[in-house]
Amino acid sequence: MLERYGHGGDLKTAEEAFGLAAERFVDFSSNMNPLGPPPSVSKTLQAYADVIGQYPDPAVRGLRRNLAEKHRIDEQSIVIGNGAAELIDLTVRALQPKLTVLAVPCFDEYGDAVRKIGGAVHEIRLNAENGFLLDPGGEQLEELAQSGALFMLGSPNNPTGRLVDPGLVRFLLDNGASVVVDEAFMDFVPEEPEFSLIQEAAQHERLFVIRSMTKFYSIPGIRLGYIVGMPRSLSGLRRLQVPWSVNSLAQLIGEAVLEESDFARLTLEWLERERPWLAGRLESLGFEAVPSSANYLLARIPREAGISASMLQLEMGKRGVLIRDASRFPGLDHTYIRVAVKLRMQNERLVQTLADVLASWRKRER
Ligand SMILES: Cc1ncc(COP(=O)(O)O)c(C=O)c1O
């Protein structure tokens, strides 16, 4: 079970489970940009290694200034964190919601953060028939919003890759809800200006947008994310944050990668080519791929294959290919896997290995 600690990308667990060295795996279980990290990351590490001899800027001023410029918002509307994960946790601790609404399947950390503070979770089930979209007319959304609940929504959502309609978020806010939109993967979306709620979050006291810099720039080891909200809505969260939570190198790397406009353009071009290619290949093997706006695909294993997601993960892992067993997400059953979109050669290996496993499973079943 690769998700022993709750997430994909755990190469240590993969080493232990499959007896291969970490570098022998092709990892489709976590969703990093395969073009990254961009060149400025290693340049910054080399040029600024000495900064670890000083305390980091506790207010992360340089990076906040650059992000404020990029998003055309006030610097005071941004708090930087040690990854989006820290900010999810801090937001929930600061808001202390009595009731939190989650549209499942979604990222585990939303529910975990709420349960840690003893809050109640109301799960709305997204379903395949509805394309895993939140139905504005369904499930007493209006009533839940009017009760003052906190909604935590991923856009694009993990693991489905579906975007949230900004109109729906406005509807929830208008009815009294607080809303956290997790835009960890929004940098991968060419229609970002239409779908991102960052600018609105800087002006609405009950709306927060969380962004991660670890996925798009492939720097999960450095830990970097930020939250946008109205300055007075962020003050509680700021008070709870551990001082110097964002280390000096992370701050400098964040500033450097924001300058990488070619990298950003090439990433969008790669994804536009590669995601439909991979989805098409998966479908030709009989998988049903959910239409995704992100750099990963949720896919349903062909029924006739007769193999569960956990067995498929195991068989793939033995062959050096790591995939996510998506049945571990609340709201999904054992027929779902999630795979990252990677470079063509790696994607070919994924498709070939899936085909091999399905073929050998069929033989075994006979
Ligand atoms: C939807 C979502 N939000 C947030 C995070 C956390 O990102 P970070 O690495 O910036 O903490 C993840 C990581 O997988 C994620 O999938």
# chains A, B, ... in the order shown; residues from 1 in each chain; ligands from 1

$ residues_near_ligand --ligand "ligand 1" --cutoff "10 Å" --atoms "only C-alpha atoms and all ligand atoms" --output "VMD selection string"
chain A and resid 6 to 9 29 to 32 81 to 88 106 to 110 153 to 159 161 181 to 186 210 to 216 218 to 226

$ select_by_dssp --residues "range 110-303 of chain A" --states "strand (DSSP E or B)" --output "PyMOL selection string"
chain A and resi 120-125+150-154+178-182+207-212+225-228+288-289+296-300

$ closest_residue --among "A:Lys98, A:Ala340, A:Phe195, A:Val189" --to "Gly118 in chain A" --atoms "only C-alpha atoms"
A:Lys98

$ residues_around --residues "Pro291 in chain A" --least-positions-apart "2" --cutoff "10 Å" --atoms "only C-alpha atoms" --output "list in words"
Gly131, Phe132, Thr160, Gly161, Arg162, Arg275, Pro276, Ala279, Glu288, Ala289, Ser293, Ala294, Tyr296, Leu297, Leu298 and Ala299 of chain A

$ write_last_selection --atoms "C-alpha atoms" --output "mmCIF file, in the first residue's frame"
data_model
loop_
_atom_site.group_PDB
_atom_site.id
_atom_site.type_symbol
_atom_site.label_atom_id
_atom_site.label_comp_id
_atom_site.auth_asym_id
_atom_site.auth_seq_id
_atom_site.Cartn_x
_atom_site.Cartn_y
_atom_site.Cartn_z
ATOM 1 C CA GLY A 131 -18.747 14.097 -14.621
ATOM 2 C CA PHE A 132 -17.673 14.579 -10.974
ATOM 3 C CA THR A 160 -10.800 14.344 -10.602
ATOM 4 C CA GLY A 161 -9.062 17.241 -12.379
ATOM 5 C CA ARG A 162 -12.391 19.102 -12.669
ATOM 6 C CA ARG A 275 -2.910 14.842 -21.658
ATOM 7 C CA PRO A 276 -5.206 14.016 -24.596
ATOM 8 C CA ALA A 279 -6.262 9.834 -22.088
ATOM 9 C CA GLU A 288 -12.626 5.494 -18.795
ATOM 10 C CA ALA A 289 -10.645 8.690 -18.220
ATOM 11 C CA SER A 293 -8.055 20.305 -16.538
ATOM 12 C CA ALA A 294 -4.969 19.322 -14.547
ATOM 13 C CA TYR A 296 -3.266 14.054 -13.925
ATOM 14 C CA LEU A 297 -6.069 11.748 -14.929
ATOM 15 C CA LEU A 298 -8.568 9.844 -12.859
ATOM 16 C CA ALA A 299 -9.398 6.657 -14.717
#

$ closest_residue --among "A:Leu237, A:Leu11, A:Ala145, A:Leu172" --to "Ile323 in chain A" --atoms "only C-alpha atoms"
A:Leu11

$ residues_around --residues "range 254-270 of chain A" --least-positions-apart "3" --cutoff "9 Å" --atoms "only C-alpha atoms" --output "ChimeraX atom specification"
/A:33-41,44,62-64,66-67,70,187-190,213,216-217,224,249-251,273-275,343

$ closest_residue --among "A:Ile227, A:Ala103, A:Leu133, A:Leu144" --to "Ile80 in chain A" --atoms "only C-alpha atoms"
A:Ile227

$ atom_distance --atom1 "CA of Arg238 in chain A" --atom2 "CA of Leu168 in chain A"
28.0 Å

$ residues_around --residues "Ile198 in chain A" --least-positions-apart "2" --cutoff "7 Å" --atoms "only C-alpha atoms" --output "ChimeraX atom specification"
/A:196,200-202,209,228

$ write_last_selection --atoms "all heavy atoms" --output "JSON list (two decimals), in the first residue's frame"
[["chain", "number", "residue", "atom", "x", "y", "z"],
["A", 196, "SER", "N", -9.66, 31.29, -11.96],
["A", 196, "SER", "CA", -9.04, 31.54, -10.66],
["A", 196, "SER", "C", -9.82, 32.61, -9.89],
["A", 196, "SER", "O", -10.27, 33.60, -10.46],
["A", 196, "SER", "CB", -7.60, 32.01, -10.83],
["A", 196, "SER", "OG", -7.11, 32.41, -9.57],
["A", 200, "GLU", "N", -10.71, 37.91, -6.48],
["A", 200, "GLU", "CA", -11.91, 38.06, -5.64],
["A", 200, "GLU", "C", -11.61, 37.77, -4.17],
["A", 200, "GLU", "O", -12.16, 38.41, -3.27],
["A", 200, "GLU", "CB", -13.02, 37.15, -6.15],
["A", 200, "GLU", "CG", -13.67, 37.77, -7.37],
["A", 200, "GLU", "CD", -14.64, 36.84, -8.07],
["A", 200, "GLU", "OE1", -15.62, 36.41, -7.45],
["A", 200, "GLU", "OE2", -14.39, 36.55, -9.26],
["A", 201, "ALA", "N", -10.70, 36.79, -3.94],
["A", 201, "ALA", "CA", -10.37, 36.44, -2.56],
["A", 201, "ALA", "C", -9.71, 37.62, -1.84],
["A", 201, "ALA", "O", -9.89, 37.79, -0.63],
["A", 201, "ALA", "CB", -9.44, 35.22, -2.52],
["A", 202, "ALA", "N", -8.97, 38.43, -2.60],
["A", 202, "ALA", "CA", -8.31, 39.58, -1.98],
["A", 202, "ALA", "C", -9.32, 40.64, -1.55],
["A", 202, "ALA", "O", -8.97, 41.59, -0.86],
["A", 202, "ALA", "CB", -7.29, 40.17, -2.95],
["A", 209, "VAL", "N", -8.16, 31.74, -1.23],
["A", 209, "VAL", "CA", -7.61, 30.89, -2.29],
["A", 209, "VAL", "C", -6.23, 30.43, -1.87],
["A", 209, "VAL", "O", -5.39, 31.23, -1.46],
["A", 209, "VAL", "CB", -7.56, 31.63, -3.65],
["A", 209, "VAL", "CG1", -6.72, 30.86, -4.65],
["A", 209, "VAL", "CG2", -8.97, 31.84, -4.20],
["A", 228, "VAL", "N", -4.38, 33.56, -0.35],
["A", 228, "VAL", "CA", -4.84, 34.92, -0.62],
["A", 228, "VAL", "C", -6.19, 35.11, 0.06],
["A", 228, "VAL", "O", -7.07, 34.24, -0.02],
["A", 228, "VAL", "CB", -4.96, 35.15, -2.15],
["A", 228, "VAL", "CG1", -5.57, 36.52, -2.44],
["A", 228, "VAL", "CG2", -3.59, 35.02, -2.82]]

$ residues_around --residues "Ala305 in chain A" --least-positions-apart "6" --cutoff "12 Å" --atoms "only C-alpha atoms" --output "PyMOL selection string"
chain A and resi 285-287+311-312+335+354-366

$ closest_residue --among "A:Ile78, A:Ile253, A:His71, A:Met345" --to "Tyr48 in chain A" --atoms "only C-alpha atoms"
A:Ile253

$ closest_residue --among "A:Arg328, A:Gln146, A:Val351, A:Met230" --to "Ser284 in chain A" --atoms "only C-alpha atoms"
A:Val351

$ atom_distance --atom1 "CA of Ser235 in chain A" --atom2 "CA of Glu194 in chain A"
28.1 Å

$ atom_distance --atom1 "CA of Phe25 in chain A" --atom2 "CA of Ile307 in chain A"
21.8 Å
